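Here is the structure we will look at, set down as structure tokens.
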Amino acid sequence: MIKAQGYAAQNAQSGLAPFTFDRRDPRDHDVVIQILYSGICHSDIHQVRNEWGNSIFPMVPGHEIVGRVTGKGKGVTKFREGDLVGVGCFVDSCRECGSCKEGVEQFCAAGMNVTYNGFERDGKTPTFGGYSDVIVTDENYVLRVPEGIDPAAAAPLLCAGITTYSPLRHWKVSPGQRVGVVGLGGLGHMGVKFAASFGAEVTVISTSARKEADARRLGANQFLVSTDPSAMAKAMGSFDFILDTVSATHDVNALLGLLRRDGTIVLVGAPEKPLPIAAFGLVMGRKTLAGSLIGGIAETQEMLDYCGEKGIASDVEVIPMQQVNEAYDRTVKGDVRYRFVIDMKSLSV
């Protein structure tokens, strides 16, 4: 077994604290990864605080992982020692269902094996995530990170990046389309970057104007304050596609009114409570309300390669592990531009 050092939550009220645990020795197709950086996703906070009601303790969070290969099993062919690699939101799947065979393993019929707060394929070995110094993962669920990207800024691409890239690609966002991005946080700022790089006319939709300058810096053409009735009225029926990144309760019906006929809203945020939807908001205009969940391994690799080619990465604030609990509170308050990333060197301090 490989001894690992990390931070874990022991229960929903404990916060995160130092934790020692075991990683398996590499099997034939496993790679051993020294973790360099791990991003803080808002879902980490939900899970650590058991806000979704499915938390497994002790919990080592983290599914935005970038590191270097330091060892491998004898059957590994995709990676070699020294490679810069990433691990995202899942580390295995059944590999046999239609979704797995079609390369959308995130929709595995048997359930993907999430990187933390879950179990391996045996159904009993808990998975521990990236708030640690090492991880052992099957090579088929490891991504190659382009060397030209700052590895700290690459870490959030493994969740925030693919969560926004995938729906924009799936719904074929293209030059000339009017795209709205609701919320300018960890997800939203990546949605703006990708949509703008695809040639769309991008509008950030936010509850206040305080982030307008940042939105334009990130690539937005316009800024719409959703709490301004006159501005919302002028924007009615003007968007082809809206990417809704908000994880808090909010008015989706108002957003439906912003769509043109046959327009689509895609939810990638996950509010704790169900959102009420007025049927007429959908049927009057043949509008679509949809959802999207990260991406498969192939699409995630495509996204990373695209980011390497276009020079796209996340805007990050790098912190030592010892500040993780403070970073959680700041994330909830929206006090980060736009993703916290933990420097794993700090574990040895």
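Chains: A, B, ... in order of the structure tokens. Residues: from 1 per chain. Ligands: from 1, in order shown.
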Quiz prompt | region 317-326 of chain A environment, 12 Å, only C-alpha atoms, sequence neighbours closer than 6 positions dropped, as a count of residues only | solution = 52
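Running DSSP on the backbone and keeping only alpha helix (DSSP H), the residues of region 221-254 of chain A that qualify are Pro229, Ser230, Ala231, Met232, Ala233, Lys234, Ala235, Val252, Asn253 and Ala254 of chain A.
Among the candidates A:Gly295, A:Ser99, A:Leu256, A:Trp171, the one nearest to Ala279 (chain A) when counting only C-alpha atoms is A:Leu256.
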Would you mind listing, for every residue of region 249-280 of chain A within 12 Å of region 162-165 of chain A, the two atoms forming the shortest contact and the distance between them in Å to one decimal, using only C-alpha atoms, sorted by chain and ascending residue number, as CSV?
```
residue,atom,partner,partner_atom,distance
A:Val266,CA,A:Thr164,CA,9.8
A:Leu267,CA,A:Thr164,CA,9.9
A:Val268,CA,A:Thr163,CA,6.9
A:Gly269,CA,A:Thr163,CA,9.4
A:Ala270,CA,A:Thr163,CA,11.8
```
Restrict the selected residues to C-alpha atoms and save them as a PDB file, in the first residue's frame.
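What ended up in again05.pdb:
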```
ATOM      1  CA  VAL A 266     -28.962  24.291 -20.070  1.00  0.00           C
ATOM      2  CA  LEU A 267     -28.565  23.908 -16.327  1.00  0.00           C
ATOM      3  CA  VAL A 268     -25.086  23.024 -15.079  1.00  0.00           C
ATOM      4  CA  GLY A 269     -25.536  24.387 -11.568  1.00  0.00           C
ATOM      5  CA  ALA A 270     -27.229  22.184  -8.972  1.00  0.00           C
TER       6      ALA A 270
END
```
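Ranking A:Leu84, A:Leu293, A:Ala254, A:Val246 by their shortest atom-to-atom distance to Glu272 (chain A), with only C-alpha atoms included, puts A:Val246 first.
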Q.
I'd like the neighbourhood of Thr127 (chain A) as a PyMOL selection string, where a residue qualifies if any of its atoms comes within 12 Å (using only C-alpha atoms), though same-chain residues fewer than 5 positions away should be ignored.
A. chain A and resi 21-24+56-63+89-92+112-122+135-137
Store the residues picked out above, limited to N, CA, C and O atoms, as a short mmCIF file (atom, residue, chain, number, x, y, z; two decimals), in the first residue's frame.
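Listed below is the output, selection.cif:
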```
data_model
loop_
_atom_site.label_atom_id
_atom_site.label_comp_id
_atom_site.auth_asym_id
_atom_site.auth_seq_id
_atom_site.Cartn_x
_atom_site.Cartn_y
_atom_site.Cartn_z
N PHE A 21 -3.99 8.12 5.10
CA PHE A 21 -4.75 6.97 4.62
C PHE A 21 -3.93 6.21 3.60
O PHE A 21 -2.81 6.61 3.25
N ASP A 22 -4.45 5.09 3.13
CA ASP A 22 -3.74 4.23 2.19
C ASP A 22 -4.29 4.35 0.78
O ASP A 22 -5.52 4.41 0.59
N ARG A 23 -3.40 4.41 -0.20
CA ARG A 23 -3.75 4.21 -1.60
C ARG A 23 -3.27 2.80 -1.99
O ARG A 23 -2.28 2.30 -1.45
N ARG A 24 -3.94 2.19 -2.95
CA ARG A 24 -3.52 0.86 -3.38
C ARG A 24 -2.21 0.92 -4.14
O ARG A 24 -1.87 1.93 -4.76
N ILE A 56 -20.29 10.52 2.49
CA ILE A 56 -19.65 9.36 3.10
C ILE A 56 -18.40 9.85 3.83
O ILE A 56 -17.53 10.47 3.22
N PHE A 57 -18.32 9.57 5.12
CA PHE A 57 -17.20 10.05 5.93
C PHE A 57 -16.37 8.87 6.44
O PHE A 57 -16.91 7.79 6.65
N PRO A 58 -15.04 9.09 6.64
CA PRO A 58 -14.29 10.31 6.36
C PRO A 58 -14.20 10.57 4.87
O PRO A 58 -14.21 9.64 4.06
N MET A 59 -14.11 11.83 4.50
CA MET A 59 -14.12 12.25 3.10
C MET A 59 -12.90 13.10 2.77
O MET A 59 -12.65 14.11 3.42
N VAL A 60 -12.14 12.66 1.77
CA VAL A 60 -11.07 13.47 1.19
C VAL A 60 -11.61 14.02 -0.12
O VAL A 60 -11.76 13.27 -1.09
N PRO A 61 -11.98 15.31 -0.20
CA PRO A 61 -12.59 15.84 -1.42
C PRO A 61 -11.57 16.06 -2.52
O PRO A 61 -10.37 15.79 -2.37
N GLY A 62 -12.05 16.61 -3.63
CA GLY A 62 -11.17 17.04 -4.71
C GLY A 62 -11.28 16.21 -5.96
O GLY A 62 -10.92 15.04 -5.97
N HIS A 63 -11.80 16.84 -7.05
CA HIS A 63 -11.87 16.15 -8.34
C HIS A 63 -11.41 17.05 -9.48
O HIS A 63 -11.83 16.89 -10.62
N CYS A 89 -13.65 14.13 -12.47
CA CYS A 89 -14.72 13.82 -11.52
C CYS A 89 -14.99 12.34 -11.32
O CYS A 89 -15.72 11.97 -10.39
N PHE A 90 -14.44 11.48 -12.17
CA PHE A 90 -14.65 10.04 -11.96
C PHE A 90 -13.39 9.27 -12.33
O PHE A 90 -12.58 9.71 -13.15
N VAL A 91 -13.26 8.10 -11.72
CA VAL A 91 -12.05 7.30 -11.87
C VAL A 91 -12.32 5.91 -12.43
O VAL A 91 -11.38 5.12 -12.61
N ASP A 92 -13.58 5.61 -12.73
CA ASP A 92 -13.91 4.32 -13.35
C ASP A 92 -15.38 4.34 -13.73
O ASP A 92 -16.13 5.25 -13.36
N MET A 112 -21.12 5.94 -12.65
CA MET A 112 -19.68 6.17 -12.69
C MET A 112 -19.12 6.11 -11.27
O MET A 112 -19.83 6.36 -10.30
N ASN A 113 -17.86 5.76 -11.17
CA ASN A 113 -17.19 5.74 -9.87
C ASN A 113 -16.54 7.10 -9.66
O ASN A 113 -15.51 7.41 -10.28
N VAL A 114 -17.15 7.90 -8.80
CA VAL A 114 -16.69 9.27 -8.61
C VAL A 114 -15.36 9.29 -7.86
O VAL A 114 -15.02 8.37 -7.12
N THR A 115 -14.61 10.36 -8.06
CA THR A 115 -13.24 10.45 -7.57
C THR A 115 -13.18 10.50 -6.05
O THR A 115 -12.19 10.09 -5.45
N TYR A 116 -14.23 11.01 -5.44
CA TYR A 116 -14.32 10.96 -3.97
C TYR A 116 -15.79 10.85 -3.59
O TYR A 116 -16.68 11.03 -4.44
N ASN A 117 -16.03 10.54 -2.31
CA ASN A 117 -17.40 10.36 -1.82
C ASN A 117 -18.14 9.28 -2.61
O ASN A 117 -19.31 9.41 -2.94
N GLY A 118 -17.41 8.22 -2.91
CA GLY A 118 -18.00 7.08 -3.61
C GLY A 118 -17.22 5.82 -3.31
O GLY A 118 -16.47 5.75 -2.33
N PHE A 119 -17.41 4.84 -4.18
CA PHE A 119 -16.74 3.56 -4.02
C PHE A 119 -16.16 3.09 -5.34
O PHE A 119 -16.62 3.50 -6.41
N GLU A 120 -15.14 2.26 -5.25
CA GLU A 120 -14.58 1.64 -6.45
C GLU A 120 -15.55 0.58 -6.97
O GLU A 120 -16.62 0.36 -6.41
N ARG A 121 -15.17 -0.11 -8.04
CA ARG A 121 -16.09 -1.05 -8.68
C ARG A 121 -16.50 -2.19 -7.77
O ARG A 121 -17.54 -2.81 -7.97
N ASP A 122 -15.70 -2.47 -6.73
CA ASP A 122 -16.08 -3.54 -5.81
C ASP A 122 -17.24 -3.14 -4.91
O ASP A 122 -17.80 -3.97 -4.18
N ILE A 135 -2.33 9.98 -5.81
CA ILE A 135 -3.52 9.23 -6.18
C ILE A 135 -3.10 8.14 -7.16
O ILE A 135 -2.14 8.31 -7.92
N VAL A 136 -3.80 7.02 -7.12
CA VAL A 136 -3.55 5.89 -8.01
C VAL A 136 -4.82 5.67 -8.83
O VAL A 136 -5.89 5.44 -8.27
N THR A 137 -4.69 5.75 -10.15
CA THR A 137 -5.87 5.75 -11.02
C THR A 137 -5.61 4.92 -12.28
O THR A 137 -4.50 4.96 -12.82
#
```
